[in-house]
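Text of run-v3.cif (mmCIF, N, CA and C atoms) as supplied:
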```cif
data_coords
#
loop_
_atom_site.label_atom_id
_atom_site.label_comp_id
_atom_site.auth_asym_id
_atom_site.auth_seq_id
_atom_site.Cartn_x
_atom_site.Cartn_y
_atom_site.Cartn_z
N MET J 1 -6.14 -16.10 5.72
CA MET J 1 -5.88 -14.85 6.40
C MET J 1 -6.77 -13.77 5.80
N ARG J 2 -7.33 -12.94 6.63
CA ARG J 2 -8.14 -11.82 6.17
C ARG J 2 -7.27 -10.56 6.19
N ARG J 3 -7.11 -9.95 5.01
CA ARG J 3 -6.29 -8.75 4.88
C ARG J 3 -7.20 -7.56 4.55
N PHE J 4 -7.12 -6.54 5.38
CA PHE J 4 -7.92 -5.34 5.17
C PHE J 4 -7.02 -4.17 4.78
N ILE J 5 -7.51 -3.35 3.87
CA ILE J 5 -6.79 -2.16 3.43
C ILE J 5 -7.32 -0.97 4.19
N ILE J 6 -6.40 -0.16 4.68
CA ILE J 6 -6.74 1.13 5.27
C ILE J 6 -6.20 2.18 4.31
N THR J 7 -7.07 3.06 3.85
CA THR J 7 -6.66 4.06 2.88
C THR J 7 -7.32 5.40 3.20
N GLY J 8 -6.90 6.41 2.49
CA GLY J 8 -7.44 7.75 2.67
C GLY J 8 -6.41 8.79 2.28
N ALA J 9 -6.79 10.03 2.41
CA ALA J 9 -5.91 11.14 2.02
C ALA J 9 -4.69 11.24 2.94
N PRO J 10 -3.61 11.84 2.43
CA PRO J 10 -2.45 12.08 3.29
C PRO J 10 -2.86 12.92 4.49
N GLY J 11 -2.37 12.55 5.64
CA GLY J 11 -2.65 13.31 6.85
C GLY J 11 -3.98 12.99 7.51
N ALA J 12 -4.70 11.99 7.00
CA ALA J 12 -6.01 11.65 7.56
C ALA J 12 -5.92 10.85 8.86
N GLY J 13 -4.76 10.25 9.12
CA GLY J 13 -4.58 9.48 10.34
C GLY J 13 -4.39 7.99 10.17
N LYS J 14 -4.14 7.56 8.92
CA LYS J 14 -3.96 6.14 8.64
C LYS J 14 -2.82 5.54 9.46
N THR J 15 -1.70 6.21 9.48
CA THR J 15 -0.54 5.67 10.19
C THR J 15 -0.80 5.60 11.69
N ALA J 16 -1.48 6.59 12.24
CA ALA J 16 -1.82 6.56 13.67
C ALA J 16 -2.72 5.36 13.97
N ILE J 17 -3.66 5.09 13.09
CA ILE J 17 -4.56 3.95 13.27
C ILE J 17 -3.78 2.65 13.16
N ILE J 18 -2.90 2.57 12.18
CA ILE J 18 -2.06 1.37 12.00
C ILE J 18 -1.22 1.14 13.25
N ARG J 19 -0.62 2.19 13.79
CA ARG J 19 0.20 2.05 15.01
C ARG J 19 -0.64 1.51 16.16
N GLN J 20 -1.87 2.02 16.32
CA GLN J 20 -2.73 1.56 17.40
C GLN J 20 -3.13 0.10 17.20
N LEU J 21 -3.46 -0.25 15.96
CA LEU J 21 -3.79 -1.65 15.67
C LEU J 21 -2.61 -2.57 16.01
N GLU J 22 -1.41 -2.11 15.69
CA GLU J 22 -0.22 -2.89 16.02
C GLU J 22 -0.05 -3.03 17.54
N LEU J 23 -0.27 -1.94 18.26
CA LEU J 23 -0.20 -1.99 19.73
C LEU J 23 -1.26 -2.92 20.31
N ASP J 24 -2.40 -3.00 19.62
CA ASP J 24 -3.47 -3.89 20.07
C ASP J 24 -3.23 -5.34 19.70
N GLY J 25 -2.10 -5.63 19.04
CA GLY J 25 -1.71 -7.00 18.74
C GLY J 25 -2.03 -7.49 17.34
N PHE J 26 -2.52 -6.60 16.48
CA PHE J 26 -2.82 -7.01 15.11
C PHE J 26 -1.57 -6.94 14.25
N SER J 27 -1.55 -7.77 13.23
CA SER J 27 -0.48 -7.73 12.24
C SER J 27 -0.75 -6.57 11.28
N VAL J 28 0.27 -5.77 11.02
CA VAL J 28 0.12 -4.62 10.13
C VAL J 28 1.22 -4.63 9.07
N VAL J 29 0.92 -4.00 7.93
CA VAL J 29 1.89 -3.86 6.85
C VAL J 29 2.01 -2.38 6.55
N GLU J 30 3.22 -1.90 6.58
CA GLU J 30 3.50 -0.47 6.43
C GLU J 30 3.22 0.04 5.03
N GLU J 31 2.92 1.31 4.96
CA GLU J 31 2.72 2.05 3.71
C GLU J 31 4.07 2.15 2.99
N ALA J 32 4.07 2.04 1.67
CA ALA J 32 5.32 1.97 0.90
C ALA J 32 5.76 3.29 0.27
N THR J 33 4.83 4.14 -0.09
CA THR J 33 5.17 5.35 -0.85
C THR J 33 6.18 6.23 -0.14
N THR J 34 5.96 6.45 1.15
CA THR J 34 6.87 7.30 1.92
C THR J 34 8.29 6.74 1.91
N ASP J 35 8.40 5.42 2.02
CA ASP J 35 9.73 4.79 2.01
C ASP J 35 10.40 4.91 0.64
N VAL J 36 9.62 4.78 -0.43
CA VAL J 36 10.17 4.92 -1.78
C VAL J 36 10.66 6.36 -1.99
N ILE J 37 9.88 7.33 -1.55
CA ILE J 37 10.29 8.73 -1.68
C ILE J 37 11.56 8.99 -0.88
N ALA J 38 11.59 8.53 0.36
CA ALA J 38 12.77 8.76 1.22
C ALA J 38 14.03 8.13 0.62
N ALA J 39 13.91 6.92 0.10
CA ALA J 39 15.07 6.25 -0.50
C ALA J 39 15.56 7.00 -1.74
N ALA J 40 14.64 7.43 -2.58
CA ALA J 40 15.03 8.16 -3.79
C ALA J 40 15.67 9.50 -3.45
N GLN J 41 15.12 10.18 -2.47
CA GLN J 41 15.69 11.47 -2.07
C GLN J 41 17.06 11.29 -1.43
N ALA J 42 17.25 10.21 -0.70
CA ALA J 42 18.57 9.93 -0.12
C ALA J 42 19.61 9.69 -1.21
N GLN J 43 19.15 9.26 -2.39
CA GLN J 43 20.06 9.03 -3.52
C GLN J 43 20.15 10.25 -4.42
N GLY J 44 19.53 11.36 -4.01
CA GLY J 44 19.67 12.60 -4.75
C GLY J 44 18.53 12.97 -5.69
N THR J 45 17.49 12.17 -5.75
CA THR J 45 16.34 12.50 -6.60
C THR J 45 15.36 13.31 -5.75
N VAL J 46 15.27 14.60 -6.06
CA VAL J 46 14.48 15.51 -5.23
C VAL J 46 12.98 15.24 -5.34
N GLU J 47 12.49 14.98 -6.53
CA GLU J 47 11.06 14.74 -6.76
C GLU J 47 10.86 13.43 -7.51
N PRO J 48 11.00 12.31 -6.83
CA PRO J 48 10.93 11.01 -7.51
C PRO J 48 9.59 10.74 -8.18
N TRP J 49 8.52 11.37 -7.72
CA TRP J 49 7.20 11.16 -8.31
C TRP J 49 7.09 11.68 -9.73
N ARG J 50 8.09 12.43 -10.18
CA ARG J 50 8.10 12.94 -11.55
C ARG J 50 8.63 11.89 -12.54
N GLN J 51 9.12 10.77 -12.03
CA GLN J 51 9.63 9.70 -12.88
C GLN J 51 8.59 8.58 -12.97
N PRO J 52 8.25 8.14 -14.18
CA PRO J 52 7.25 7.06 -14.30
C PRO J 52 7.62 5.79 -13.54
N SER J 53 8.89 5.55 -13.32
CA SER J 53 9.31 4.35 -12.58
C SER J 53 8.90 4.42 -11.10
N PHE J 54 8.51 5.58 -10.64
CA PHE J 54 8.07 5.79 -9.26
C PHE J 54 6.91 4.85 -8.90
N ILE J 55 5.95 4.73 -9.78
CA ILE J 55 4.77 3.90 -9.52
C ILE J 55 5.16 2.43 -9.36
N ASP J 56 6.01 1.94 -10.26
CA ASP J 56 6.44 0.54 -10.16
C ASP J 56 7.28 0.29 -8.91
N ALA J 57 8.07 1.27 -8.51
CA ALA J 57 8.86 1.12 -7.28
C ALA J 57 7.94 0.93 -6.07
N ILE J 58 6.88 1.70 -6.03
CA ILE J 58 5.92 1.56 -4.94
C ILE J 58 5.22 0.21 -5.00
N ALA J 59 4.72 -0.14 -6.18
CA ALA J 59 3.99 -1.40 -6.34
C ALA J 59 4.88 -2.60 -6.02
N ASN J 60 6.13 -2.53 -6.39
CA ASN J 60 7.06 -3.63 -6.11
C ASN J 60 7.29 -3.77 -4.61
N LEU J 61 7.48 -2.65 -3.91
CA LEU J 61 7.68 -2.71 -2.46
C LEU J 61 6.41 -3.22 -1.78
N GLN J 62 5.25 -2.79 -2.25
CA GLN J 62 3.99 -3.28 -1.69
C GLN J 62 3.85 -4.79 -1.87
N LYS J 63 4.22 -5.27 -3.05
CA LYS J 63 4.14 -6.71 -3.31
C LYS J 63 5.08 -7.46 -2.37
N ASP J 64 6.32 -6.99 -2.25
CA ASP J 64 7.29 -7.64 -1.36
C ASP J 64 6.76 -7.69 0.07
N ARG J 65 6.23 -6.56 0.54
CA ARG J 65 5.73 -6.51 1.92
C ARG J 65 4.52 -7.41 2.11
N GLN J 66 3.63 -7.44 1.13
CA GLN J 66 2.44 -8.28 1.23
C GLN J 66 2.84 -9.76 1.27
N ILE J 67 3.76 -10.15 0.41
CA ILE J 67 4.20 -11.56 0.37
C ILE J 67 4.92 -11.93 1.67
N ARG J 68 5.80 -11.05 2.14
CA ARG J 68 6.50 -11.32 3.39
C ARG J 68 5.51 -11.46 4.55
N ALA J 69 4.52 -10.58 4.58
CA ALA J 69 3.53 -10.61 5.67
C ALA J 69 2.62 -11.83 5.59
N SER J 70 2.51 -12.43 4.40
CA SER J 70 1.63 -13.59 4.25
C SER J 70 2.14 -14.80 5.03
N TYR J 71 3.40 -14.79 5.44
CA TYR J 71 3.97 -15.88 6.21
C TYR J 71 3.68 -15.75 7.71
N GLN J 72 3.11 -14.64 8.12
CA GLN J 72 2.76 -14.46 9.52
C GLN J 72 1.53 -15.29 9.84
N PRO J 73 1.45 -15.83 11.04
CA PRO J 73 0.36 -16.75 11.37
C PRO J 73 -0.96 -16.06 11.75
N ASP J 74 -1.03 -14.76 11.67
CA ASP J 74 -2.20 -14.03 12.13
C ASP J 74 -3.42 -14.30 11.26
N GLU J 75 -4.59 -14.20 11.87
CA GLU J 75 -5.84 -14.40 11.14
C GLU J 75 -6.31 -13.12 10.45
N VAL J 76 -5.94 -11.96 11.03
CA VAL J 76 -6.36 -10.67 10.49
C VAL J 76 -5.12 -9.80 10.33
N GLN J 77 -5.07 -9.07 9.23
CA GLN J 77 -3.93 -8.21 8.94
C GLN J 77 -4.46 -6.91 8.34
N PHE J 78 -3.81 -5.80 8.70
CA PHE J 78 -4.18 -4.50 8.17
C PHE J 78 -3.03 -3.93 7.34
N HIS J 79 -3.37 -3.45 6.14
CA HIS J 79 -2.38 -2.89 5.23
C HIS J 79 -2.61 -1.39 5.08
N ASP J 80 -1.56 -0.63 5.31
CA ASP J 80 -1.62 0.82 5.11
C ASP J 80 -1.45 1.05 3.61
N ARG J 81 -2.57 1.13 2.92
CA ARG J 81 -2.67 1.25 1.47
C ARG J 81 -2.25 -0.05 0.78
N CYS J 82 -2.45 -0.10 -0.54
CA CYS J 82 -2.10 -1.28 -1.33
C CYS J 82 -1.94 -0.87 -2.79
N VAL J 83 -1.76 -1.84 -3.66
CA VAL J 83 -1.50 -1.57 -5.07
C VAL J 83 -2.70 -0.89 -5.75
N VAL J 84 -3.90 -1.10 -5.24
CA VAL J 84 -5.06 -0.39 -5.80
C VAL J 84 -4.89 1.12 -5.57
N CYS J 85 -4.42 1.49 -4.40
CA CYS J 85 -4.14 2.90 -4.11
C CYS J 85 -3.03 3.43 -5.02
N THR J 86 -2.05 2.60 -5.31
CA THR J 86 -0.96 2.99 -6.19
C THR J 86 -1.47 3.19 -7.61
N ALA J 87 -2.41 2.37 -8.03
CA ALA J 87 -3.03 2.56 -9.35
C ALA J 87 -3.76 3.90 -9.40
N ALA J 88 -4.45 4.24 -8.32
CA ALA J 88 -5.13 5.54 -8.26
C ALA J 88 -4.12 6.68 -8.32
N LEU J 89 -2.98 6.50 -7.68
CA LEU J 89 -1.92 7.51 -7.73
C LEU J 89 -1.39 7.65 -9.15
N ALA J 90 -1.23 6.54 -9.85
CA ALA J 90 -0.77 6.59 -11.24
C ALA J 90 -1.73 7.41 -12.09
N VAL J 91 -3.02 7.18 -11.91
CA VAL J 91 -4.03 7.94 -12.65
C VAL J 91 -3.92 9.42 -12.29
N TYR J 92 -3.81 9.72 -11.01
CA TYR J 92 -3.70 11.11 -10.55
C TYR J 92 -2.48 11.81 -11.16
N LEU J 93 -1.36 11.09 -11.23
CA LEU J 93 -0.12 11.66 -11.78
C LEU J 93 -0.09 11.64 -13.30
N GLY J 94 -1.06 11.00 -13.92
CA GLY J 94 -1.12 10.95 -15.38
C GLY J 94 -0.23 9.90 -16.01
N TYR J 95 0.15 8.87 -15.25
CA TYR J 95 0.99 7.80 -15.79
C TYR J 95 0.13 6.63 -16.25
N PRO J 96 0.44 6.05 -17.39
CA PRO J 96 -0.28 4.84 -17.81
C PRO J 96 0.11 3.67 -16.91
N PHE J 97 -0.73 2.67 -16.86
CA PHE J 97 -0.41 1.48 -16.08
C PHE J 97 0.69 0.71 -16.79
N SER J 98 1.77 0.46 -16.09
CA SER J 98 2.85 -0.36 -16.64
C SER J 98 2.40 -1.82 -16.64
N PRO J 99 3.10 -2.67 -17.39
CA PRO J 99 2.77 -4.11 -17.33
C PRO J 99 2.87 -4.67 -15.91
N PHE J 100 3.85 -4.19 -15.14
CA PHE J 100 4.00 -4.67 -13.76
C PHE J 100 2.80 -4.28 -12.91
N LEU J 101 2.39 -3.02 -12.98
CA LEU J 101 1.25 -2.56 -12.19
C LEU J 101 -0.02 -3.30 -12.59
N ALA J 102 -0.26 -3.44 -13.89
CA ALA J 102 -1.44 -4.17 -14.37
C ALA J 102 -1.40 -5.62 -13.89
N GLY J 103 -0.21 -6.21 -13.91
CA GLY J 103 -0.06 -7.59 -13.44
C GLY J 103 -0.33 -7.74 -11.95
N GLU J 104 0.10 -6.76 -11.20
CA GLU J 104 -0.15 -6.79 -9.75
C GLU J 104 -1.64 -6.65 -9.44
N LEU J 105 -2.30 -5.76 -10.17
CA LEU J 105 -3.74 -5.60 -9.97
C LEU J 105 -4.47 -6.91 -10.29
N GLU J 106 -4.04 -7.57 -11.35
CA GLU J 106 -4.64 -8.85 -11.73
C GLU J 106 -4.33 -9.92 -10.69
N ARG J 107 -3.10 -9.95 -10.19
CA ARG J 107 -2.71 -10.95 -9.18
C ARG J 107 -3.54 -10.83 -7.91
N ILE J 108 -3.69 -9.62 -7.40
CA ILE J 108 -4.44 -9.49 -6.15
C ILE J 108 -5.92 -9.81 -6.33
N LYS J 109 -6.42 -9.56 -7.54
CA LYS J 109 -7.82 -9.91 -7.83
C LYS J 109 -7.97 -11.42 -7.95
N LYS J 110 -7.10 -12.03 -8.76
CA LYS J 110 -7.17 -13.48 -9.01
C LYS J 110 -6.97 -14.28 -7.72
N GLU J 111 -6.03 -13.85 -6.89
CA GLU J 111 -5.73 -14.58 -5.66
C GLU J 111 -6.57 -14.12 -4.48
N ALA J 112 -7.45 -13.13 -4.70
CA ALA J 112 -8.31 -12.59 -3.63
C ALA J 112 -7.48 -12.25 -2.39
N ILE J 113 -6.43 -11.48 -2.62
CA ILE J 113 -5.49 -11.14 -1.55
C ILE J 113 -6.15 -10.33 -0.44
N TYR J 114 -6.96 -9.35 -0.81
CA TYR J 114 -7.55 -8.44 0.17
C TYR J 114 -9.06 -8.65 0.28
N GLU J 115 -9.57 -8.33 1.44
CA GLU J 115 -11.01 -8.30 1.64
C GLU J 115 -11.60 -7.21 0.75
N THR J 116 -12.84 -7.37 0.35
CA THR J 116 -13.46 -6.34 -0.49
C THR J 116 -13.87 -5.12 0.33
N GLN J 117 -14.02 -5.28 1.63
CA GLN J 117 -14.32 -4.15 2.51
C GLN J 117 -13.02 -3.38 2.77
N VAL J 118 -13.04 -2.09 2.47
CA VAL J 118 -11.87 -1.23 2.66
C VAL J 118 -12.21 -0.17 3.69
N PHE J 119 -11.25 0.15 4.55
CA PHE J 119 -11.46 1.20 5.54
C PHE J 119 -10.89 2.51 4.98
N PHE J 120 -11.79 3.43 4.64
CA PHE J 120 -11.39 4.73 4.11
C PHE J 120 -11.40 5.72 5.25
N ILE J 121 -10.23 6.28 5.54
CA ILE J 121 -10.11 7.24 6.64
C ILE J 121 -10.31 8.63 6.08
N ARG J 122 -11.36 9.25 6.50
CA ARG J 122 -11.73 10.56 6.01
C ARG J 122 -10.93 11.64 6.72
N ASN J 123 -10.41 12.59 5.94
CA ASN J 123 -9.65 13.69 6.52
C ASN J 123 -10.63 14.63 7.20
N LEU J 124 -10.44 14.86 8.46
CA LEU J 124 -11.35 15.70 9.23
C LEU J 124 -10.91 17.16 9.28
N GLY J 125 -9.74 17.45 8.66
CA GLY J 125 -9.19 18.80 8.74
C GLY J 125 -9.73 19.77 7.75
#
```
Now, as a test, write the supplied structure out as structure tokens.
Amino acid sequence: MRRFIITGAPGAGKTAIIRQLELDGFSVVEEATTDVIAAAQAQGTVEPWRQPSFIDAIANLQKDRQIRASYQPDEVQFHDRCVVCTAALAVYLGYPFSPFLAGELERIKKEAIYETQVFFIRNLG
């Protein structure tokens, strides 16, 4: 299976592109960060990104979604961000890489999970 990452700044249109790809019949994997934030806020954590566990929560959900999606019979799959993007977020937030995050980065590299070509959606605003 060929898995492509779609990434870019918030509001650049990644989700709109993912929705269109899905409508066109491609297999897609949803972005995880928004879901992690929504779940934490529903449990009363106003700013979950201030907790170092935030990064691992995202990476764990991404791993679960990637593994679940690997059982789909499609030849091509598009992922709305991935653990590499989460590593960049960790750097941006000033968090060190946890053993889990480092392990995930190594796993996707070792198993060649994603294509090396990444689609970066540039914010036009």
Once the PyMOL selection byres (((chain J and resi 105 and name CA) around 10) and name CA) has been evaluated on this model, what residues remain selected, and can you format them as a list in words?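 Applied to this file, the PyMOL selection byres (((chain J and resi 105 and name CA) around 10) and name CA) returns Ala59, Cys82, Val83, Val84, Thr86, Ala87, Phe97, Pro99, Phe100, Leu101, Ala102, Gly103, Glu104, Glu106, Arg107, Ile108, Lys109 and Lys110 of chain J.
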Same residues, N, CA and C atoms, output as a compact mmCIF listing (two decimals), keeping the file's coordinate frame:
```
# COMPACT_ATOMS: atom_id res chain seq x y z
N ALA J 59 4.72 -0.14 -6.18
CA ALA J 59 3.99 -1.40 -6.34
C ALA J 59 4.88 -2.60 -6.02
N CYS J 82 -2.45 -0.10 -0.54
CA CYS J 82 -2.10 -1.28 -1.33
C CYS J 82 -1.94 -0.87 -2.79
N VAL J 83 -1.76 -1.84 -3.66
CA VAL J 83 -1.50 -1.57 -5.07
C VAL J 83 -2.70 -0.89 -5.75
N VAL J 84 -3.90 -1.10 -5.24
CA VAL J 84 -5.06 -0.39 -5.80
C VAL J 84 -4.89 1.12 -5.57
N THR J 86 -2.05 2.60 -5.31
CA THR J 86 -0.96 2.99 -6.19
C THR J 86 -1.47 3.19 -7.61
N ALA J 87 -2.41 2.37 -8.03
CA ALA J 87 -3.03 2.56 -9.35
C ALA J 87 -3.76 3.90 -9.40
N PHE J 97 -0.73 2.67 -16.86
CA PHE J 97 -0.41 1.48 -16.08
C PHE J 97 0.69 0.71 -16.79
N PRO J 99 3.10 -2.67 -17.39
CA PRO J 99 2.77 -4.11 -17.33
C PRO J 99 2.87 -4.67 -15.91
N PHE J 100 3.85 -4.19 -15.14
CA PHE J 100 4.00 -4.67 -13.76
C PHE J 100 2.80 -4.28 -12.91
N LEU J 101 2.39 -3.02 -12.98
CA LEU J 101 1.25 -2.56 -12.19
C LEU J 101 -0.02 -3.30 -12.59
N ALA J 102 -0.26 -3.44 -13.89
CA ALA J 102 -1.44 -4.17 -14.37
C ALA J 102 -1.40 -5.62 -13.89
N GLY J 103 -0.21 -6.21 -13.91
CA GLY J 103 -0.06 -7.59 -13.44
C GLY J 103 -0.33 -7.74 -11.95
N GLU J 104 0.10 -6.76 -11.20
CA GLU J 104 -0.15 -6.79 -9.75
C GLU J 104 -1.64 -6.65 -9.44
N GLU J 106 -4.04 -7.57 -11.35
CA GLU J 106 -4.64 -8.85 -11.73
C GLU J 106 -4.33 -9.92 -10.69
N ARG J 107 -3.10 -9.95 -10.19
CA ARG J 107 -2.71 -10.95 -9.18
C ARG J 107 -3.54 -10.83 -7.91
N ILE J 108 -3.69 -9.62 -7.40
CA ILE J 108 -4.44 -9.49 -6.15
C ILE J 108 -5.92 -9.81 -6.33
N LYS J 109 -6.42 -9.56 -7.54
CA LYS J 109 -7.82 -9.91 -7.83
C LYS J 109 -7.97 -11.42 -7.95
N LYS J 110 -7.10 -12.03 -8.76
CA LYS J 110 -7.17 -13.48 -9.01
C LYS J 110 -6.97 -14.28 -7.72
```
Using DSSP on the backbone coordinates, identify the residues of range 8-70 of chain J assigned to helix (DSSP H, G or I); present them as a PyMOL selection string. chain J and resi 14-23+33-42+48-50+53-69
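Put simply, the PyMOL selection byres (((chain J and resi 94 and name CA) around 12) and name CA) in this file takes in Trp49, Arg50, Gln51, Pro52, Ile55, Ala87, Ala88, Leu89, Ala90, Val91, Tyr92, Leu93, Tyr95, Pro96 and Phe97 of chain J.
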Check chain J with DSSP on the backbone and list each residue it calls strand (DSSP E), as a list in words. Arg2, Arg3, Phe4, Ile5, Ile6, Thr7, Gly8, Ser27, Val28, Val29, Val76, Gln77, Phe78, His79, Asp80, Val118, Phe119, Phe120 and Ile121 of chain J
For Ile121 in chain J, find every residue with an atom within 8 Å (counting only N, CA and C atoms), except residues of its own chain fewer than 2 positions away, and show them as an NGL selection string. :J and (5-9 or 11-14 or 118-119 or 123-124)
For the structure shown, which residues end up in the PyMOL selection byres ((chain J and resi 33) around 8)? Put them as a list in words, please?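 Applied to this file, the PyMOL selection byres ((chain J and resi 33) around 8) selects Glu30, Glu31, Ala32, Thr34, Asp35, Val36, Ile37, Ala38, Ala39, Ala57, Ile58, Ala59, Leu61, Gln62 and Asp80 of chain J.
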Hey, can you check how far atom C of Phe26 in chain J sits from CA of Ile113 in chain J?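 Those two atoms sit 16.8 Å apart.
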Point-to-point distance in Å for CA of Ala112 in chain J and CA of Lys63 in chain J: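 Spanning CA of Lys63 in chain J to CA of Ala112 in chain J is a straight-line distance of 13.8 Å.
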So what do you get for atom N of Gln77 in chain J versus atom C of Ser27 in chain J, distance-wise?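 Value for the atom N of Gln77 in chain J-atom C of Ser27 in chain J distance: 5.4 Å.
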Need the neighbours of (-3.5, -14.1, 9.0): which residues are at most 8 Å away, counting only C-alpha atoms, as a JSON list (two decimals) with N, CA and C atoms, in the coordinates of the input?
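See part_11.json below for the written result:
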```json
[["chain", "number", "residue", "atom", "x", "y", "z"],
["J", 1, "MET", "N", -6.14, -16.10, 5.72],
["J", 1, "MET", "CA", -5.88, -14.85, 6.40],
["J", 1, "MET", "C", -6.77, -13.77, 5.80],
["J", 2, "ARG", "N", -7.33, -12.94, 6.63],
["J", 2, "ARG", "CA", -8.14, -11.82, 6.17],
["J", 2, "ARG", "C", -7.27, -10.56, 6.19],
["J", 3, "ARG", "N", -7.11, -9.95, 5.01],
["J", 3, "ARG", "CA", -6.29, -8.75, 4.88],
["J", 3, "ARG", "C", -7.20, -7.56, 4.55],
["J", 27, "SER", "N", -1.55, -7.77, 13.23],
["J", 27, "SER", "CA", -0.48, -7.73, 12.24],
["J", 27, "SER", "C", -0.75, -6.57, 11.28],
["J", 70, "SER", "N", 2.51, -12.43, 4.40],
["J", 70, "SER", "CA", 1.63, -13.59, 4.25],
["J", 70, "SER", "C", 2.14, -14.80, 5.03],
["J", 72, "GLN", "N", 3.11, -14.64, 8.12],
["J", 72, "GLN", "CA", 2.76, -14.46, 9.52],
["J", 72, "GLN", "C", 1.53, -15.29, 9.84],
["J", 73, "PRO", "N", 1.45, -15.83, 11.04],
["J", 73, "PRO", "CA", 0.36, -16.75, 11.37],
["J", 73, "PRO", "C", -0.96, -16.06, 11.75],
["J", 74, "ASP", "N", -1.03, -14.76, 11.67],
["J", 74, "ASP", "CA", -2.20, -14.03, 12.13],
["J", 74, "ASP", "C", -3.42, -14.30, 11.26],
["J", 75, "GLU", "N", -4.59, -14.20, 11.87],
["J", 75, "GLU", "CA", -5.84, -14.40, 11.14],
["J", 75, "GLU", "C", -6.31, -13.12, 10.45],
["J", 76, "VAL", "N", -5.94, -11.96, 11.03],
["J", 76, "VAL", "CA", -6.36, -10.67, 10.49],
["J", 76, "VAL", "C", -5.12, -9.80, 10.33],
["J", 77, "GLN", "N", -5.07, -9.07, 9.23],
["J", 77, "GLN", "CA", -3.93, -8.21, 8.94],
["J", 77, "GLN", "C", -4.46, -6.91, 8.34]]
```
